file entry.cif (mmCIF, N, CA and C atoms)
data_my_file
loop_
_atom_site.label_atom_id
_atom_site.label_comp_id
_atom_site.auth_asym_id
_atom_site.auth_seq_id
_atom_site.Cartn_x
_atom_site.Cartn_y
_atom_site.Cartn_z
N MET S 737 23.42 -21.38 16.34
CA MET S 737 22.14 -21.98 16.07
C MET S 737 22.39 -23.41 15.58
N HIS S 738 21.59 -24.31 16.06
CA HIS S 738 21.71 -25.70 15.64
C HIS S 738 20.65 -26.00 14.59
N THR S 739 21.09 -26.48 13.44
CA THR S 739 20.17 -26.84 12.37
C THR S 739 20.26 -28.34 12.12
N PRO S 740 19.37 -28.93 11.36
CA PRO S 740 19.45 -30.37 11.07
C PRO S 740 20.73 -30.77 10.34
N LEU S 741 21.34 -29.82 9.63
CA LEU S 741 22.55 -30.14 8.87
C LEU S 741 23.84 -29.88 9.63
N ALA S 742 23.85 -28.81 10.43
CA ALA S 742 25.08 -28.45 11.15
C ALA S 742 24.79 -27.29 12.09
N ASP S 743 25.78 -26.99 12.90
CA ASP S 743 25.70 -25.78 13.71
C ASP S 743 26.12 -24.60 12.85
N ALA S 744 25.48 -23.46 13.06
CA ALA S 744 25.78 -22.29 12.25
C ALA S 744 25.86 -21.07 13.15
N GLU S 745 26.79 -20.16 12.82
CA GLU S 745 26.85 -18.89 13.52
C GLU S 745 25.79 -17.98 12.94
N VAL S 746 25.10 -17.28 13.81
CA VAL S 746 24.04 -16.37 13.39
C VAL S 746 24.27 -15.03 14.06
N SER S 747 24.22 -13.98 13.27
CA SER S 747 24.32 -12.63 13.81
C SER S 747 22.92 -12.15 14.16
N VAL S 748 22.77 -11.66 15.36
CA VAL S 748 21.50 -11.10 15.78
C VAL S 748 21.75 -9.70 16.32
N PRO S 749 20.81 -8.79 16.15
CA PRO S 749 21.02 -7.43 16.66
C PRO S 749 21.08 -7.43 18.18
N VAL S 750 22.01 -6.64 18.71
CA VAL S 750 22.10 -6.50 20.16
C VAL S 750 21.34 -5.26 20.63
N ASP S 751 21.00 -4.37 19.69
CA ASP S 751 20.24 -3.17 20.03
C ASP S 751 18.77 -3.52 20.21
N ASP S 752 18.09 -2.68 20.97
CA ASP S 752 16.63 -2.75 21.00
C ASP S 752 16.14 -2.14 19.70
N VAL S 753 15.38 -2.89 18.94
CA VAL S 753 14.90 -2.45 17.63
C VAL S 753 13.40 -2.18 17.69
N VAL S 754 12.98 -1.11 17.04
CA VAL S 754 11.57 -0.80 16.87
C VAL S 754 11.32 -0.64 15.38
N VAL S 755 10.35 -1.37 14.86
CA VAL S 755 9.96 -1.25 13.46
C VAL S 755 8.72 -0.36 13.41
N ALA S 756 8.83 0.71 12.63
CA ALA S 756 7.72 1.67 12.50
C ALA S 756 7.23 1.70 11.07
N THR S 757 5.96 1.99 10.90
CA THR S 757 5.41 2.15 9.56
C THR S 757 4.33 3.21 9.59
N ILE S 758 4.08 3.74 8.40
CA ILE S 758 3.01 4.71 8.23
C ILE S 758 1.82 3.96 7.64
N PHE S 759 0.68 4.02 8.37
CA PHE S 759 -0.51 3.29 7.92
C PHE S 759 -0.89 3.71 6.52
N ARG S 760 -1.44 2.93 5.77
CA ARG S 760 -1.76 1.54 5.73
C ARG S 760 -0.87 0.83 4.74
N ALA S 761 -0.37 1.55 3.79
CA ALA S 761 0.40 0.91 2.72
C ALA S 761 1.61 0.15 3.26
N GLY S 762 2.14 0.57 4.39
CA GLY S 762 3.34 -0.05 4.91
C GLY S 762 3.14 -1.32 5.71
N LEU S 763 1.91 -1.71 5.98
CA LEU S 763 1.68 -2.88 6.85
C LEU S 763 2.30 -4.17 6.34
N PRO S 764 2.18 -4.54 5.07
CA PRO S 764 2.84 -5.77 4.61
C PRO S 764 4.37 -5.70 4.73
N PHE S 765 4.93 -4.54 4.44
CA PHE S 765 6.37 -4.34 4.55
C PHE S 765 6.79 -4.47 6.02
N HIS S 766 6.01 -3.87 6.90
CA HIS S 766 6.25 -3.94 8.35
C HIS S 766 6.28 -5.40 8.81
N THR S 767 5.30 -6.16 8.37
CA THR S 767 5.22 -7.57 8.74
C THR S 767 6.45 -8.33 8.28
N GLY S 768 6.94 -8.02 7.09
CA GLY S 768 8.15 -8.66 6.59
C GLY S 768 9.35 -8.37 7.48
N PHE S 769 9.48 -7.14 7.95
CA PHE S 769 10.58 -6.80 8.86
C PHE S 769 10.44 -7.56 10.17
N LEU S 770 9.22 -7.74 10.65
CA LEU S 770 9.02 -8.48 11.89
C LEU S 770 9.38 -9.96 11.74
N ASN S 771 9.33 -10.48 10.51
CA ASN S 771 9.79 -11.85 10.29
C ASN S 771 11.28 -11.99 10.54
N VAL S 772 12.02 -10.91 10.34
CA VAL S 772 13.47 -10.92 10.57
C VAL S 772 13.79 -10.45 11.99
N PHE S 773 13.19 -9.35 12.39
CA PHE S 773 13.42 -8.77 13.73
C PHE S 773 12.24 -9.15 14.62
N ASP S 774 12.16 -10.43 14.95
CA ASP S 774 10.97 -10.95 15.62
C ASP S 774 10.81 -10.50 17.07
N HIS S 775 11.84 -9.90 17.66
CA HIS S 775 11.71 -9.38 19.02
C HIS S 775 11.57 -7.85 19.03
N ALA S 776 11.39 -7.27 17.87
CA ALA S 776 11.32 -5.81 17.75
C ALA S 776 10.01 -5.28 18.31
N GLY S 777 10.09 -4.04 18.78
CA GLY S 777 8.88 -3.32 19.15
C GLY S 777 8.18 -2.82 17.90
N ASN S 778 6.97 -2.36 18.04
CA ASN S 778 6.17 -1.88 16.92
C ASN S 778 5.76 -0.44 17.14
N ALA S 779 5.80 0.33 16.05
CA ALA S 779 5.33 1.71 16.09
C ALA S 779 4.51 1.97 14.83
N PHE S 780 3.43 2.72 14.99
CA PHE S 780 2.54 3.00 13.87
C PHE S 780 2.16 4.47 13.87
N VAL S 781 2.17 5.06 12.67
CA VAL S 781 1.75 6.44 12.48
C VAL S 781 0.67 6.42 11.40
N SER S 782 -0.43 7.08 11.66
CA SER S 782 -1.48 7.23 10.65
C SER S 782 -1.38 8.63 10.07
N ALA S 783 -1.06 8.71 8.79
CA ALA S 783 -0.95 10.00 8.10
C ALA S 783 -1.76 9.94 6.82
N TYR S 784 -2.34 11.05 6.47
CA TYR S 784 -3.06 11.10 5.20
C TYR S 784 -2.97 12.50 4.62
N ARG S 785 -3.13 12.55 3.29
CA ARG S 785 -3.12 13.82 2.59
C ARG S 785 -4.52 14.40 2.60
N LYS S 786 -4.59 15.73 2.74
CA LYS S 786 -5.89 16.40 2.67
C LYS S 786 -5.71 17.76 2.01
N TYR S 787 -6.77 18.20 1.35
CA TYR S 787 -6.72 19.51 0.71
C TYR S 787 -6.73 20.60 1.77
N THR S 788 -5.94 21.64 1.53
CA THR S 788 -5.84 22.72 2.51
C THR S 788 -6.49 24.01 2.01
N ASP S 789 -7.09 23.97 0.82
CA ASP S 789 -7.78 25.15 0.31
C ASP S 789 -9.12 24.74 -0.31
N GLU S 790 -10.00 25.72 -0.49
CA GLU S 790 -11.33 25.43 -1.02
C GLU S 790 -11.31 24.99 -2.47
N GLU S 791 -10.29 25.38 -3.23
CA GLU S 791 -10.20 25.00 -4.64
C GLU S 791 -9.65 23.59 -4.84
N HIS S 792 -9.22 22.96 -3.77
CA HIS S 792 -8.63 21.62 -3.81
C HIS S 792 -7.40 21.57 -4.73
N THR S 793 -6.56 22.57 -4.59
CA THR S 793 -5.32 22.59 -5.36
C THR S 793 -4.08 22.43 -4.48
N GLN S 794 -4.21 22.70 -3.20
CA GLN S 794 -3.10 22.59 -2.26
C GLN S 794 -3.34 21.39 -1.35
N VAL S 795 -2.33 20.54 -1.25
CA VAL S 795 -2.46 19.33 -0.45
C VAL S 795 -1.50 19.40 0.73
N GLY S 796 -2.02 19.09 1.91
CA GLY S 796 -1.20 19.01 3.11
C GLY S 796 -1.24 17.58 3.64
N ILE S 797 -0.45 17.33 4.65
CA ILE S 797 -0.39 16.01 5.27
C ILE S 797 -0.82 16.16 6.72
N HIS S 798 -1.69 15.26 7.15
CA HIS S 798 -2.23 15.31 8.50
C HIS S 798 -1.88 14.02 9.25
N ILE S 799 -1.31 14.16 10.43
CA ILE S 799 -1.03 13.02 11.30
C ILE S 799 -2.22 12.86 12.23
N GLU S 800 -2.81 11.67 12.22
CA GLU S 800 -4.01 11.46 13.02
C GLU S 800 -3.78 10.57 14.24
N TYR S 801 -2.84 9.64 14.15
CA TYR S 801 -2.71 8.62 15.19
C TYR S 801 -1.24 8.23 15.32
N LEU S 802 -0.81 7.98 16.54
CA LEU S 802 0.55 7.54 16.82
C LEU S 802 0.52 6.52 17.94
N ALA S 803 1.15 5.39 17.71
CA ALA S 803 1.32 4.37 18.75
C ALA S 803 2.77 3.90 18.68
N THR S 804 3.51 4.08 19.75
CA THR S 804 4.91 3.69 19.76
C THR S 804 5.40 3.49 21.19
N PRO S 805 6.34 2.57 21.35
CA PRO S 805 7.02 2.51 22.65
C PRO S 805 8.01 3.67 22.74
N ASP S 806 8.60 3.86 23.89
CA ASP S 806 9.66 4.86 24.05
C ASP S 806 10.80 4.50 23.10
N LEU S 807 11.26 5.45 22.31
CA LEU S 807 12.31 5.20 21.32
C LEU S 807 13.70 5.58 21.80
N THR S 808 13.80 6.10 22.99
CA THR S 808 15.07 6.59 23.50
C THR S 808 16.14 5.51 23.47
N GLY S 809 17.24 5.79 22.74
CA GLY S 809 18.38 4.89 22.69
C GLY S 809 18.18 3.64 21.85
N LYS S 810 17.08 3.53 21.15
CA LYS S 810 16.80 2.32 20.36
C LYS S 810 17.16 2.53 18.89
N THR S 811 17.20 1.44 18.15
CA THR S 811 17.37 1.50 16.71
C THR S 811 15.98 1.48 16.08
N LEU S 812 15.67 2.51 15.31
CA LEU S 812 14.36 2.66 14.69
C LEU S 812 14.48 2.34 13.20
N ILE S 813 13.65 1.42 12.74
CA ILE S 813 13.55 1.13 11.31
C ILE S 813 12.20 1.65 10.84
N ILE S 814 12.22 2.65 9.97
CA ILE S 814 10.97 3.16 9.40
C ILE S 814 10.77 2.44 8.07
N ALA S 815 9.80 1.54 8.05
CA ALA S 815 9.52 0.71 6.88
C ALA S 815 8.33 1.30 6.13
N ASP S 816 8.60 1.90 4.99
CA ASP S 816 7.55 2.50 4.17
C ASP S 816 7.83 2.11 2.73
N PRO S 817 6.91 1.43 2.06
CA PRO S 817 7.22 0.90 0.73
C PRO S 817 7.57 1.94 -0.32
N MET S 818 7.01 3.17 -0.21
CA MET S 818 7.28 4.16 -1.24
C MET S 818 7.60 5.51 -0.64
N LEU S 819 8.69 6.10 -1.11
CA LEU S 819 9.09 7.44 -0.70
C LEU S 819 8.98 8.33 -1.93
N ALA S 820 8.01 9.23 -1.93
CA ALA S 820 7.80 10.11 -3.09
C ALA S 820 8.43 11.47 -2.83
N THR S 821 7.72 12.32 -2.10
CA THR S 821 8.25 13.66 -1.82
C THR S 821 9.06 13.72 -0.54
N GLY S 822 8.78 12.81 0.39
CA GLY S 822 9.43 12.82 1.69
C GLY S 822 8.63 13.53 2.76
N GLY S 823 7.55 14.20 2.37
CA GLY S 823 6.74 14.95 3.34
C GLY S 823 6.10 14.08 4.40
N SER S 824 5.48 12.98 4.00
CA SER S 824 4.85 12.08 4.97
C SER S 824 5.90 11.44 5.87
N MET S 825 7.04 11.08 5.30
CA MET S 825 8.12 10.48 6.09
C MET S 825 8.63 11.47 7.14
N GLU S 826 8.80 12.72 6.75
CA GLU S 826 9.27 13.72 7.71
C GLU S 826 8.27 13.92 8.85
N LEU S 827 6.99 14.04 8.51
CA LEU S 827 5.98 14.23 9.56
C LEU S 827 5.85 12.98 10.43
N GLY S 828 5.96 11.80 9.82
CA GLY S 828 5.95 10.57 10.60
C GLY S 828 7.14 10.52 11.56
N TRP S 829 8.31 10.91 11.08
CA TRP S 829 9.51 10.98 11.91
C TRP S 829 9.30 11.93 13.08
N GLU S 830 8.76 13.12 12.80
CA GLU S 830 8.53 14.11 13.86
C GLU S 830 7.56 13.57 14.91
N ALA S 831 6.53 12.87 14.47
CA ALA S 831 5.59 12.27 15.42
C ALA S 831 6.27 11.21 16.26
N LEU S 832 7.07 10.36 15.63
CA LEU S 832 7.75 9.28 16.35
C LEU S 832 8.72 9.82 17.40
N VAL S 833 9.53 10.81 17.03
CA VAL S 833 10.53 11.30 17.99
C VAL S 833 9.93 12.14 19.10
N SER S 834 8.63 12.40 19.02
CA SER S 834 7.98 13.04 20.16
C SER S 834 7.91 12.07 21.34
N LYS S 835 8.19 10.79 21.08
CA LYS S 835 8.17 9.76 22.12
C LYS S 835 9.58 9.25 22.44
N GLY S 836 10.60 10.04 22.14
CA GLY S 836 11.98 9.67 22.49
C GLY S 836 12.88 9.67 21.27
N ARG S 837 14.14 9.99 21.49
CA ARG S 837 15.12 10.06 20.40
C ARG S 837 15.82 8.72 20.23
N PRO S 838 15.68 8.10 19.04
CA PRO S 838 16.38 6.84 18.80
C PRO S 838 17.89 7.06 18.64
N LYS S 839 18.64 6.00 18.92
CA LYS S 839 20.09 6.04 18.75
C LYS S 839 20.45 6.07 17.27
N HIS S 840 19.73 5.29 16.48
CA HIS S 840 19.97 5.24 15.04
C HIS S 840 18.66 5.01 14.31
N VAL S 841 18.56 5.56 13.10
CA VAL S 841 17.35 5.43 12.29
C VAL S 841 17.74 4.85 10.94
N HIS S 842 17.00 3.82 10.51
CA HIS S 842 17.15 3.27 9.17
C HIS S 842 15.84 3.54 8.44
N VAL S 843 15.91 4.21 7.30
CA VAL S 843 14.74 4.43 6.46
C VAL S 843 14.78 3.37 5.37
N ALA S 844 13.79 2.48 5.37
CA ALA S 844 13.75 1.37 4.42
C ALA S 844 12.56 1.53 3.49
N CYS S 845 12.84 1.65 2.19
CA CYS S 845 11.79 1.80 1.19
C CYS S 845 12.06 0.84 0.04
N VAL S 846 11.00 0.38 -0.58
CA VAL S 846 11.13 -0.48 -1.76
C VAL S 846 11.44 0.36 -2.98
N ILE S 847 10.76 1.50 -3.09
CA ILE S 847 10.96 2.39 -4.22
C ILE S 847 10.99 3.82 -3.69
N ALA S 848 11.86 4.64 -4.27
CA ALA S 848 11.98 6.02 -3.82
C ALA S 848 12.40 6.91 -4.98
N THR S 849 11.89 8.13 -4.97
CA THR S 849 12.33 9.10 -5.96
C THR S 849 13.62 9.74 -5.48
N PRO S 850 14.46 10.19 -6.41
CA PRO S 850 15.67 10.91 -5.98
C PRO S 850 15.34 12.15 -5.15
N GLU S 851 14.23 12.83 -5.50
CA GLU S 851 13.83 14.01 -4.74
C GLU S 851 13.45 13.65 -3.30
N GLY S 852 12.75 12.54 -3.13
CA GLY S 852 12.38 12.10 -1.79
C GLY S 852 13.58 11.73 -0.95
N VAL S 853 14.54 11.04 -1.55
CA VAL S 853 15.77 10.67 -0.83
C VAL S 853 16.54 11.93 -0.43
N ASP S 854 16.67 12.87 -1.36
CA ASP S 854 17.36 14.13 -1.04
C ASP S 854 16.65 14.88 0.08
N TYR S 855 15.32 14.89 0.04
CA TYR S 855 14.54 15.58 1.06
C TYR S 855 14.79 14.96 2.44
N ILE S 856 14.76 13.63 2.50
CA ILE S 856 14.98 12.94 3.77
C ILE S 856 16.39 13.18 4.28
N LYS S 857 17.36 13.20 3.39
CA LYS S 857 18.75 13.44 3.80
C LYS S 857 18.93 14.82 4.41
N THR S 858 18.11 15.79 4.01
CA THR S 858 18.24 17.14 4.56
C THR S 858 17.31 17.41 5.73
N HIS S 859 16.31 16.55 5.95
CA HIS S 859 15.33 16.83 7.01
C HIS S 859 15.37 15.86 8.19
N LEU S 860 16.06 14.74 8.07
CA LEU S 860 16.26 13.84 9.20
C LEU S 860 17.71 14.00 9.65
N PRO S 861 18.01 13.75 10.92
CA PRO S 861 19.37 13.98 11.42
C PRO S 861 20.40 13.14 10.67
N GLU S 862 21.31 13.81 10.02
CA GLU S 862 22.30 13.16 9.16
C GLU S 862 23.23 12.21 9.93
N GLU S 863 23.58 12.59 11.15
CA GLU S 863 24.59 11.81 11.89
C GLU S 863 24.14 10.43 12.31
N ASN S 864 22.84 10.17 12.37
CA ASN S 864 22.42 8.85 12.80
C ASN S 864 21.30 8.24 11.95
N THR S 865 21.21 8.68 10.67
CA THR S 865 20.16 8.17 9.79
C THR S 865 20.78 7.49 8.58
N THR S 866 20.30 6.29 8.29
CA THR S 866 20.70 5.55 7.09
C THR S 866 19.52 5.53 6.14
N THR S 867 19.75 6.05 4.92
CA THR S 867 18.67 6.04 3.91
C THR S 867 19.01 5.10 2.79
#

call {"tool": "encode", "arguments": {"input": "entry.cif", "output": "structure tokens"}}
result
Amino acid sequence: MHTPLADAEVSVPVDDVVVATIFRAGLPFHTGFLNVFDHAGNAFVSAYRKYTDEEHTQVGIHIEYLATPDLTGKTLIIADPMLATGGSMELGWEALVSKGRPKHVHVACVIATPEGVDYIKTHLPEENTTT
């Protein structure tokens, strides 16, 4: 890369990268990743919590919407600012891989609980996932 001060070596990814996020909290984080991976594809999952019983004591997670390019052989970055239990991340992952298996997955979070990290380590494929 040529800059006003000098020429500089720049490392750029050679893999096809797709940046994915779970609506809506992840959108600013997603945008930040696109500032770095400006040629990346985009994937979005809409998930929300809902009560599963009449007493409103049991909460489940519902996937409502998925938009993604084919993920086969690509590097997938799941950008989600907060990882609490890992349940939404797991369901988002399952929705995403219904459109192809990525070569490698990076789970990127700003804040995460130890329980959420442990959950993701046991529920996403260990051989190609970076948490």

call {"tool": "resolve_selection", "arguments": {"input": "entry.cif", "expression": "the PyMOL selection byres ((chain S and resi 777-794) around 7)", "output": "short mmCIF file (atom, residue, chain, number, x, y, z; two decimals) with N, CA and C atoms, in the frame of the given file"}}
result
data_model
loop_
_atom_site.label_atom_id
_atom_site.label_comp_id
_atom_site.auth_asym_id
_atom_site.auth_seq_id
_atom_site.Cartn_x
_atom_site.Cartn_y
_atom_site.Cartn_z
N ASP S 752 18.09 -2.68 20.97
CA ASP S 752 16.63 -2.75 21.00
C ASP S 752 16.14 -2.14 19.70
N VAL S 753 15.38 -2.89 18.94
CA VAL S 753 14.90 -2.45 17.63
C VAL S 753 13.40 -2.18 17.69
N VAL S 754 12.98 -1.11 17.04
CA VAL S 754 11.57 -0.80 16.87
C VAL S 754 11.32 -0.64 15.38
N VAL S 755 10.35 -1.37 14.86
CA VAL S 755 9.96 -1.25 13.46
C VAL S 755 8.72 -0.36 13.41
N ALA S 756 8.83 0.71 12.63
CA ALA S 756 7.72 1.67 12.50
C ALA S 756 7.23 1.70 11.07
N THR S 757 5.96 1.99 10.90
CA THR S 757 5.41 2.15 9.56
C THR S 757 4.33 3.21 9.59
N ILE S 758 4.08 3.74 8.40
CA ILE S 758 3.01 4.71 8.23
C ILE S 758 1.82 3.96 7.64
N PHE S 759 0.68 4.02 8.37
CA PHE S 759 -0.51 3.29 7.92
C PHE S 759 -0.89 3.71 6.52
N ARG S 760 -1.44 2.93 5.77
CA ARG S 760 -1.76 1.54 5.73
C ARG S 760 -0.87 0.83 4.74
N PHE S 773 13.19 -9.35 12.39
CA PHE S 773 13.42 -8.77 13.73
C PHE S 773 12.24 -9.15 14.62
N ASP S 774 12.16 -10.43 14.95
CA ASP S 774 10.97 -10.95 15.62
C ASP S 774 10.81 -10.50 17.07
N HIS S 775 11.84 -9.90 17.66
CA HIS S 775 11.71 -9.38 19.02
C HIS S 775 11.57 -7.85 19.03
N ALA S 776 11.39 -7.27 17.87
CA ALA S 776 11.32 -5.81 17.75
C ALA S 776 10.01 -5.28 18.31
N VAL S 795 -2.33 20.54 -1.25
CA VAL S 795 -2.46 19.33 -0.45
C VAL S 795 -1.50 19.40 0.73
N GLY S 796 -2.02 19.09 1.91
CA GLY S 796 -1.20 19.01 3.11
C GLY S 796 -1.24 17.58 3.64
N ILE S 797 -0.45 17.33 4.65
CA ILE S 797 -0.39 16.01 5.27
C ILE S 797 -0.82 16.16 6.72
N HIS S 798 -1.69 15.26 7.15
CA HIS S 798 -2.23 15.31 8.50
C HIS S 798 -1.88 14.02 9.25
N ILE S 799 -1.31 14.16 10.43
CA ILE S 799 -1.03 13.02 11.30
C ILE S 799 -2.22 12.86 12.23
N GLU S 800 -2.81 11.67 12.22
CA GLU S 800 -4.01 11.46 13.02
C GLU S 800 -3.78 10.57 14.24
N TYR S 801 -2.84 9.64 14.15
CA TYR S 801 -2.71 8.62 15.19
C TYR S 801 -1.24 8.23 15.32
N LEU S 802 -0.81 7.98 16.54
CA LEU S 802 0.55 7.54 16.82
C LEU S 802 0.52 6.52 17.94
N ALA S 803 1.15 5.39 17.71
CA ALA S 803 1.32 4.37 18.75
C ALA S 803 2.77 3.90 18.68
N THR S 804 3.51 4.08 19.75
CA THR S 804 4.91 3.69 19.76
C THR S 804 5.40 3.49 21.19
N PRO S 805 6.34 2.57 21.35
CA PRO S 805 7.02 2.51 22.65
C PRO S 805 8.01 3.67 22.74
N SER S 824 5.48 12.98 4.00
CA SER S 824 4.85 12.08 4.97
C SER S 824 5.90 11.44 5.87
N GLY S 828 5.96 11.80 9.82
CA GLY S 828 5.95 10.57 10.60
C GLY S 828 7.14 10.52 11.56
#

call {"tool": "closest_residue", "arguments": {"input": "entry.cif", "among": "S:Thr739, S:Thr849, S:Ile813, S:Ser834", "to": "S:Thr865", "atoms": "only C-alpha atoms"}}
result
S:Ile813

call {"tool": "residues_around", "arguments": {"input": "entry.cif", "residues": "S:Pro817", "least_positions_apart": "4", "cutoff": "6 Å", "atoms": "all atoms listed in the file", "output": "list of chain:residue names"}}
result
S:Ala761, S:Gly762, S:Ala844, S:Cys845, S:Val846, S:Ile847

call {"tool": "atom_distance", "arguments": {"input": "entry.cif", "atom1": "atom CA of S:Pro764", "atom2": "atom CA of S:Glu862"}}
result
27.5 Å

call {"tool": "atom_distance", "arguments": {"input": "entry.cif", "atom1": "atom N of S:Thr866", "atom2": "atom C of S:Ile814"}}
result
10.3 Å

call {"tool": "select_by_dssp", "arguments": {"input": "entry.cif", "residues": "stretch 738-834 of chain S", "states": "strand (DSSP E or B)", "output": "ChimeraX atom specification"}}
result
/S:738,743,753-759,777-787,795-803,811-815,818-819

call {"tool": "atom_distance", "arguments": {"input": "entry.cif", "atom1": "atom C of S:Tyr855", "atom2": "atom C of S:Gly768"}}
result
24.5 Å

call {"tool": "select_by_dssp", "arguments": {"input": "entry.cif", "residues": "chain S", "states": "alpha helix (DSSP H)", "output": "MDAnalysis selection string"}}
result
chainID S and resid 763:772 823:833 850:859

call {"tool": "resolve_selection", "arguments": {"input": "entry.cif", "expression": "the PyMOL selection byres ((chain S and resi 821) around 8)", "output": "ChimeraX atom specification"}}
result
/S:818-820,822-826,848-856

call {"tool": "closest_residue", "arguments": {"input": "entry.cif", "among": "S:Val750, S:Asp816, S:Lys835, S:Glu863", "to": "S:Phe765", "atoms": "all atoms listed in the file"}}
result
S:Asp816

call {"tool": "closest_residue", "arguments": {"input": "entry.cif", "among": "S:Lys857, S:Thr867, S:Leu832, S:Leu812", "to": "S:Phe769", "atoms": "only C-alpha atoms"}}
result
S:Leu812

call {"tool": "closest_residue", "arguments": {"input": "entry.cif", "among": "S:Ala831, S:His738, S:Val843, S:Arg837", "to": "S:Gly809", "atoms": "all atoms listed in the file"}}
result
S:Arg837

call {"tool": "residues_around", "arguments": {"input": "entry.cif", "residues": "S:Val833", "least_positions_apart": "5", "cutoff": "8 Å", "atoms": "only N, CA and C atoms", "output": "PyMOL selection string"}}
result
chain S and resi 807-808+827-828+838
